[in-house]
>>> print(open('entry-v3.txt').read())   # compact mmCIF, C-alpha atoms
# COMPACT_ATOMS: atom_id res chain seq x y z
CA ILE A 151 23.96 14.01 0.25
CA VAL A 152 26.46 11.51 -1.08
CA LYS A 153 24.12 9.31 -3.11
CA VAL A 154 20.41 8.74 -3.72
CA GLU A 155 19.55 5.39 -5.26
CA GLY A 156 16.16 3.82 -5.72
CA ILE A 157 13.41 2.05 -7.54
CA PHE A 158 11.35 5.06 -8.60
CA SER A 159 8.80 3.39 -10.87
CA GLY A 160 5.99 1.36 -9.35
CA THR A 161 5.45 -0.24 -12.75
CA LEU A 162 9.05 -1.39 -13.16
CA SER A 163 9.11 -2.39 -9.51
CA TYR A 164 6.08 -4.63 -10.05
CA LEU A 165 7.58 -6.16 -13.19
CA PHE A 166 10.94 -7.09 -11.72
CA ASN A 167 9.60 -7.98 -8.25
CA ASN A 168 7.52 -10.66 -9.99
CA PHE A 169 9.86 -11.65 -12.81
CA SER A 170 13.26 -11.64 -11.11
CA ILE A 171 12.95 -13.60 -7.90
CA PRO A 172 14.25 -17.08 -7.08
CA GLY A 173 11.77 -19.71 -8.24
CA ALA A 174 9.70 -17.42 -10.48
CA THR A 175 8.59 -18.99 -13.75
CA GLN A 176 6.52 -16.22 -15.32
CA LYS A 177 7.71 -14.91 -18.68
CA PHE A 178 8.61 -11.23 -18.92
CA SER A 179 5.88 -10.54 -21.48
CA ASP A 180 3.32 -12.15 -19.16
CA CYS A 181 4.46 -9.89 -16.31
CA VAL A 182 4.00 -6.87 -18.56
CA SER A 183 0.53 -8.10 -19.60
CA VAL A 184 -0.55 -8.56 -15.97
CA ALA A 185 0.83 -5.13 -15.03
CA LYS A 186 -1.02 -3.53 -17.94
CA ALA A 187 -4.29 -5.30 -17.05
CA SER A 188 -3.84 -4.21 -13.41
CA GLY A 189 -3.50 -0.57 -14.43
CA TYR A 190 0.14 -0.29 -13.36
CA THR A 191 1.55 0.60 -16.79
CA GLU A 192 0.95 3.54 -19.05
CA PRO A 193 -1.49 2.75 -21.89
CA ASP A 194 1.62 1.97 -23.95
CA PRO A 195 4.02 0.07 -21.63
CA ARG A 196 6.98 1.31 -23.67
CA ASP A 197 6.47 4.63 -21.88
CA ASP A 198 7.49 2.83 -18.68
CA LEU A 199 10.08 0.45 -20.12
CA ASN A 200 12.03 3.20 -21.90
CA GLY A 201 13.17 4.58 -18.53
CA MET A 202 12.25 8.20 -19.18
CA ASP A 203 9.82 8.42 -16.25
CA VAL A 204 12.60 7.30 -13.91
CA ALA A 205 15.04 9.65 -15.66
CA ARG A 206 12.78 12.64 -14.99
CA LYS A 207 12.54 11.70 -11.30
CA VAL A 208 16.31 11.20 -11.01
CA THR A 209 16.93 14.55 -12.69
CA ILE A 210 14.60 16.31 -10.24
CA LEU A 211 16.20 14.59 -7.24
CA GLY A 212 19.66 15.45 -8.50
CA ARG A 213 18.78 19.11 -8.90
CA VAL A 214 17.15 19.25 -5.46
CA ALA A 215 20.36 17.73 -4.07
CA GLY A 216 22.35 20.51 -5.71
CA HIS A 217 23.77 18.64 -8.70
CA GLU A 218 23.65 19.90 -12.27
CA LEU A 219 21.82 16.97 -13.83
CA SER A 220 20.10 17.11 -17.18
CA ILE A 221 17.78 14.56 -18.69
CA ASP A 222 19.70 15.10 -21.94
CA THR A 223 23.03 13.96 -20.47
CA LEU A 224 21.82 11.36 -17.93
CA PRO A 225 22.64 7.82 -19.09
CA VAL A 226 19.30 5.98 -19.41
CA GLU A 227 18.99 2.30 -20.28
CA ASN A 228 15.95 1.73 -22.48
CA ILE A 229 14.86 -1.89 -21.96
CA VAL A 230 12.34 -1.83 -24.81
CA PRO A 231 13.81 -4.25 -27.38
CA GLU A 232 15.28 -2.25 -30.26
CA GLN A 233 13.01 -3.91 -32.83
CA LEU A 234 9.88 -2.85 -30.87
CA ARG A 235 10.74 0.79 -30.29
CA SER A 236 9.25 1.92 -33.59
CA VAL A 237 6.11 -0.24 -33.79
CA THR A 238 3.11 2.02 -34.20
CA THR A 239 0.70 0.77 -31.54
CA ALA A 240 0.74 -0.54 -27.99
CA GLU A 241 -1.23 -3.56 -29.20
CA GLU A 242 1.47 -4.46 -31.72
CA PHE A 243 4.13 -3.98 -29.04
CA MET A 244 2.28 -6.29 -26.65
CA SER A 245 1.69 -8.93 -29.35
CA ARG A 246 5.39 -8.97 -30.32
CA LEU A 247 6.93 -8.71 -26.83
CA PRO A 248 6.89 -12.51 -26.32
CA GLU A 249 9.48 -12.74 -29.13
CA PHE A 250 11.95 -11.29 -26.62
CA ASP A 251 11.10 -13.41 -23.57
CA GLU A 252 14.26 -15.46 -24.12
CA HIS A 253 16.40 -12.30 -23.93
CA PHE A 254 14.89 -11.30 -20.59
CA LYS A 255 15.04 -14.88 -19.32
CA GLN A 256 18.78 -15.00 -20.05
CA LEU A 257 19.39 -11.72 -18.20
CA ASN A 258 17.41 -13.03 -15.25
CA GLU A 259 19.12 -16.43 -15.19
CA GLU A 260 22.55 -14.76 -15.21
CA ALA A 261 21.55 -12.55 -12.29
CA LEU A 262 20.06 -15.43 -10.28
CA ALA A 263 23.12 -17.62 -10.96
CA SER A 264 25.26 -14.92 -9.33
CA GLY A 265 22.97 -14.77 -6.29
CA SER A 266 21.31 -11.56 -7.46
CA VAL A 267 18.04 -10.23 -8.84
CA LEU A 268 17.31 -7.61 -11.49
CA ARG A 269 15.91 -4.23 -10.50
CA TYR A 270 15.39 -1.10 -12.60
CA VAL A 271 17.01 1.72 -10.63
CA GLY A 272 17.88 5.37 -10.77
CA MET A 273 20.91 6.81 -9.02
CA VAL A 274 22.13 10.31 -8.23
CA ASP A 275 25.82 10.12 -7.41
CA GLY A 276 27.21 13.64 -7.49
CA VAL A 277 30.38 12.69 -5.61
CA ASN A 278 31.59 10.29 -8.31
CA ASN A 279 29.55 11.94 -11.09
CA GLN A 280 28.00 8.59 -12.01
CA SER A 281 24.28 9.28 -11.99
CA SER A 282 22.29 6.85 -14.14
CA VAL A 283 19.07 5.00 -14.85
CA LYS A 284 19.49 1.32 -15.62
CA LEU A 285 18.65 -2.32 -15.09
CA ALA A 286 21.02 -3.53 -12.38
CA ARG A 287 21.75 -6.59 -10.29
CA TYR A 288 21.33 -6.59 -6.51
CA PRO A 289 22.32 -9.39 -4.12
CA LEU A 290 19.45 -11.25 -2.48
CA ASP A 291 20.21 -9.67 0.91
CA HIS A 292 19.96 -6.10 -0.43
CA PRO A 293 16.81 -4.11 0.54
CA PHE A 294 15.97 -3.61 -3.16
CA ALA A 295 15.90 -7.38 -3.69
CA SER A 296 13.21 -8.01 -1.07
CA LEU A 297 10.77 -5.42 -2.37
CA LYS A 298 7.22 -6.67 -3.01
CA GLY A 299 4.41 -5.67 -5.35
CA SER A 300 4.64 -2.23 -6.91
CA ASP A 301 6.38 -0.55 -3.98
CA ASN A 302 9.05 2.08 -4.54
CA ILE A 303 12.16 2.27 -2.40
CA ILE A 304 14.81 4.95 -2.01
CA ALA A 305 18.17 4.72 -0.23
CA PHE A 306 19.71 8.02 0.93
CA THR A 307 23.43 7.94 1.69
CA THR A 308 24.67 11.11 3.37
CA GLU A 309 27.68 12.19 5.37
CA ARG A 310 25.61 11.67 8.52
CA PHE A 311 24.05 8.41 7.28
CA PRO A 312 26.86 6.44 5.59
CA ASN A 313 24.68 3.35 6.14
CA PRO A 314 21.77 4.39 3.86
CA LEU A 315 18.47 5.63 5.19
CA ILE A 316 15.74 3.61 3.45
CA VAL A 317 12.27 4.93 2.59
CA GLN A 318 9.74 2.52 1.09
CA GLY A 319 6.10 2.82 0.05
CA ALA A 320 3.39 2.32 -2.54
CA GLY A 321 4.40 3.17 -6.08
CA ALA A 322 1.75 2.33 -8.70
CA GLY A 323 -1.93 1.89 -9.25
CA ALA A 324 -5.00 4.06 -9.57
CA ALA A 325 -5.46 4.75 -5.84
CA VAL A 326 -1.84 5.75 -5.29
CA THR A 327 -1.83 7.98 -8.36
CA ALA A 328 -5.13 9.62 -7.37
CA PHE A 329 -3.79 10.30 -3.87
CA GLY A 330 -0.65 11.90 -5.31
CA ILE A 331 -2.63 14.13 -7.65
CA PHE A 332 -5.03 15.11 -4.86
CA ALA A 333 -2.12 15.97 -2.55
CA ASP A 334 -0.57 18.10 -5.31
CA LEU A 335 -3.87 19.93 -5.85
CA ILE A 336 -4.09 20.72 -2.14
CA LYS A 337 -0.54 22.13 -2.22
CA VAL A 338 -1.38 24.31 -5.24
CA CYS A 339 -4.51 25.59 -3.51
CA GLU A 340 -2.59 26.35 -0.31
CA ARG A 341 0.16 28.13 -2.22
CA PHE A 342 -2.25 30.34 -4.13
CA GLY A 343 -4.65 30.98 -1.25
CA ALA A 344 -7.65 29.07 -2.58
CA ASN A 345 -10.14 27.84 -0.02
>>> encode(input="entry-v3.txt", output="C-alpha cells")
Amino acid sequence: IVKVEGIFSGTLSYLFNNFSIPGATQKFSDCVSVAKASGYTEPDPRDDLNGMDVARKVTILGRVAGHELSIDTLPVENIVPEQLRSVTTAEEFMSRLPEFDEHFKQLNEEALASGSVLRYVGMVDGVNNQSSVKLARYPLDHPFASLKGSDNIIAFTTERFPNPLIVQGAGAGAAVTAFGIFADLIKVCERFGAN
C-alpha cells in the first residue's frame, strides 16, 4: 500500500458536499444545522468538526497497513473556530456558529476560484511519511469532488494499482449506523461462538 486517502466521515462529507459545490449558496452554519436536524452529526457537532473521528479511522487504517501511526502524532486540522471550542453547550455552539460563516465562505470562494472544492479528508501516506487529517482542495474532476450526500469514499493507491482503486458508499445516518453496529455484533457473536 502506497497511500490510502479518503473522506471517512459521513457528517463532514454531507457538510462539504452541500456547502462547497459550484453554485451553492447555503451558509456553512445552515449546512451544519440541517445535518444536525437530519441526525448526521453527533449531538454536539464539534465532535465531528474537530476531526478526531477521522483521525481515529486514519490511525486504524495506517496500523492495518503496517505503519506506526499514533493519534497523538497525527496532524489533525480542527475546523471548529477557535473561539467556539470552549463554549459549554452544543446549543451555544450552534447559536454562535453563524458568526463564522464569512470565514468558511472565504475558504470556499478561494477553492472555487481555483477550480476546486473543499473536502475534509484523511490520508495515510507511509511512503512519504505525510499522513494527515485536514480540510483540502480537490479539482472538480477528482472523484472526491463529485461525491453526493453523506457518502464516504476511499482511494487506495498500491504498487499494483498506481491509478487508485476507489471504494464509495453510505457514510452517515441512523440506518447506516445501525447496520454497522448490527454487523459488528454478528462478528462478535461468531468469534465467541454465540448462537
>>> atom_distance(input="entry-v3.txt", atom1="CA of His217 (chain A)", atom2="CA of Met273 (chain A)")
12.2 Å
>>> closest_residue(input="entry-v3.txt", among="A:Asp301, A:Asp334, A:Glu252, A:Glu340", to="Ser179 (chain A)", atoms="all atoms listed in the file")
A:Glu252
>>> atom_distance(input="entry-v3.txt", atom1="CA of His253 (chain A)", atom2="CA of Leu165 (chain A)")
15.2 Å
>>> atom_distance(input="entry-v3.txt", atom1="CA of Pro314 (chain A)", atom2="CA of Val154 (chain A)")
8.8 Å
>>> residues_around(input="entry-v3.txt", residues="Ala240 (chain A)", least_positions_apart="3", cutoff="8 Å", atoms="only C-alpha atoms", output="list in words")
Pro193, Asp194, Pro195, Arg196, Val237, Phe243 and Met244 of chain A
>>> closest_residue(input="entry-v3.txt", among="A:Thr175, A:Thr308, A:Asn302, A:Ser282", to="Thr209 (chain A)", atoms="all atoms listed in the file")
A:Ser282
>>> residues_around(input="entry-v3.txt", residues="Asn228 (chain A)", least_positions_apart="6", cutoff="7 Å", atoms="all atoms listed in the file", output="CSV table (one decimal) with C-alpha atoms, in the coordinates of the input")
chain,number,residue,atom,x,y,z
A,199,LEU,CA,10.1,0.4,-20.1
A,200,ASN,CA,12.0,3.2,-21.9
A,201,GLY,CA,13.2,4.6,-18.5
>>> closest_residue(input="entry-v3.txt", among="A:Val317, A:Ile151, A:Leu234, A:Ala185", to="Ala305 (chain A)", atoms="all atoms listed in the file")
A:Val317
>>> closest_residue(input="entry-v3.txt", among="A:Phe332, A:Ala174, A:Val277, A:His292", to="Leu262 (chain A)", atoms="only C-alpha atoms")
A:Ala174
>>> closest_residue(input="entry-v3.txt", among="A:Gly265, A:Leu315, A:Gly343, A:Gly276", to="Asp291 (chain A)", atoms="all atoms listed in the file")
A:Gly265
>>> closest_residue(input="entry-v3.txt", among="A:Val226, A:Ala333, A:Val267, A:Cys181", to="Leu247 (chain A)", atoms="all atoms listed in the file")
A:Cys181
>>> residues_around(input="entry-v3.txt", residues="Thr191 (chain A)", least_positions_apart="5", cutoff="12 Å", atoms="all atoms listed in the file", output="number ranges by chain")
A: 159-165, 181-186, 196-200, 203, 240, 300, 321-324, 327
>>> write_last_selection(input="entry-v3.txt", atoms="C-alpha atoms", output="CSV table (one decimal), keeping the file's coordinate frame")
chain,number,residue,atom,x,y,z
A,159,SER,CA,8.8,3.4,-10.9
A,160,GLY,CA,6.0,1.4,-9.4
A,161,THR,CA,5.4,-0.2,-12.8
A,162,LEU,CA,9.0,-1.4,-13.2
A,163,SER,CA,9.1,-2.4,-9.5
A,164,TYR,CA,6.1,-4.6,-10.0
A,165,LEU,CA,7.6,-6.2,-13.2
A,181,CYS,CA,4.5,-9.9,-16.3
A,182,VAL,CA,4.0,-6.9,-18.6
A,183,SER,CA,0.5,-8.1,-19.6
A,184,VAL,CA,-0.6,-8.6,-16.0
A,185,ALA,CA,0.8,-5.1,-15.0
A,186,LYS,CA,-1.0,-3.5,-17.9
A,196,ARG,CA,7.0,1.3,-23.7
A,197,ASP,CA,6.5,4.6,-21.9
A,198,ASP,CA,7.5,2.8,-18.7
A,199,LEU,CA,10.1,0.4,-20.1
A,200,ASN,CA,12.0,3.2,-21.9
A,203,ASP,CA,9.8,8.4,-16.2
A,240,ALA,CA,0.7,-0.5,-28.0
A,300,SER,CA,4.6,-2.2,-6.9
A,321,GLY,CA,4.4,3.2,-6.1
A,322,ALA,CA,1.8,2.3,-8.7
A,323,GLY,CA,-1.9,1.9,-9.2
A,324,ALA,CA,-5.0,4.1,-9.6
A,327,THR,CA,-1.8,8.0,-8.4
>>> residues_around(input="entry-v3.txt", residues="Ile171 (chain A)", least_positions_apart="2", cutoff="9 Å", atoms="only C-alpha atoms", output="PyMOL selection string")
chain A and resi 166-169+173-174+258+262+266-268+290+295-296
>>> write_last_selection(input="entry-v3.txt", atoms="C-alpha atoms", output="PDB file, in the coordinates of the input")
ATOM      1  CA  PHE A 166      10.940  -7.090 -11.720  1.00  0.00           C
ATOM      2  CA  ASN A 167       9.600  -7.980  -8.250  1.00  0.00           C
ATOM      3  CA  ASN A 168       7.520 -10.660  -9.990  1.00  0.00           C
ATOM      4  CA  PHE A 169       9.860 -11.650 -12.810  1.00  0.00           C
ATOM      5  CA  GLY A 173      11.770 -19.710  -8.240  1.00  0.00           C
ATOM      6  CA  ALA A 174       9.700 -17.420 -10.480  1.00  0.00           C
ATOM      7  CA  ASN A 258      17.410 -13.030 -15.250  1.00  0.00           C
ATOM      8  CA  LEU A 262      20.060 -15.430 -10.280  1.00  0.00           C
ATOM      9  CA  SER A 266      21.310 -11.560  -7.460  1.00  0.00           C
ATOM     10  CA  VAL A 267      18.040 -10.230  -8.840  1.00  0.00           C
ATOM     11  CA  LEU A 268      17.310  -7.610 -11.490  1.00  0.00           C
ATOM     12  CA  LEU A 290      19.450 -11.250  -2.480  1.00  0.00           C
ATOM     13  CA  ALA A 295      15.900  -7.380  -3.690  1.00  0.00           C
ATOM     14  CA  SER A 296      13.210  -8.010  -1.070  1.00  0.00           C
TER      15      SER A 296
END
>>> axis_aligned_box(input="entry-v3.txt", around="region 239-250 of chain A", padding_each_side="6 Å", output="AutoDock Vina command-line options")
--center_x 5.4 --center_y -6.0 --center_z -29.0 --size_x 25.2 --size_y 25.5 --size_z 17.4
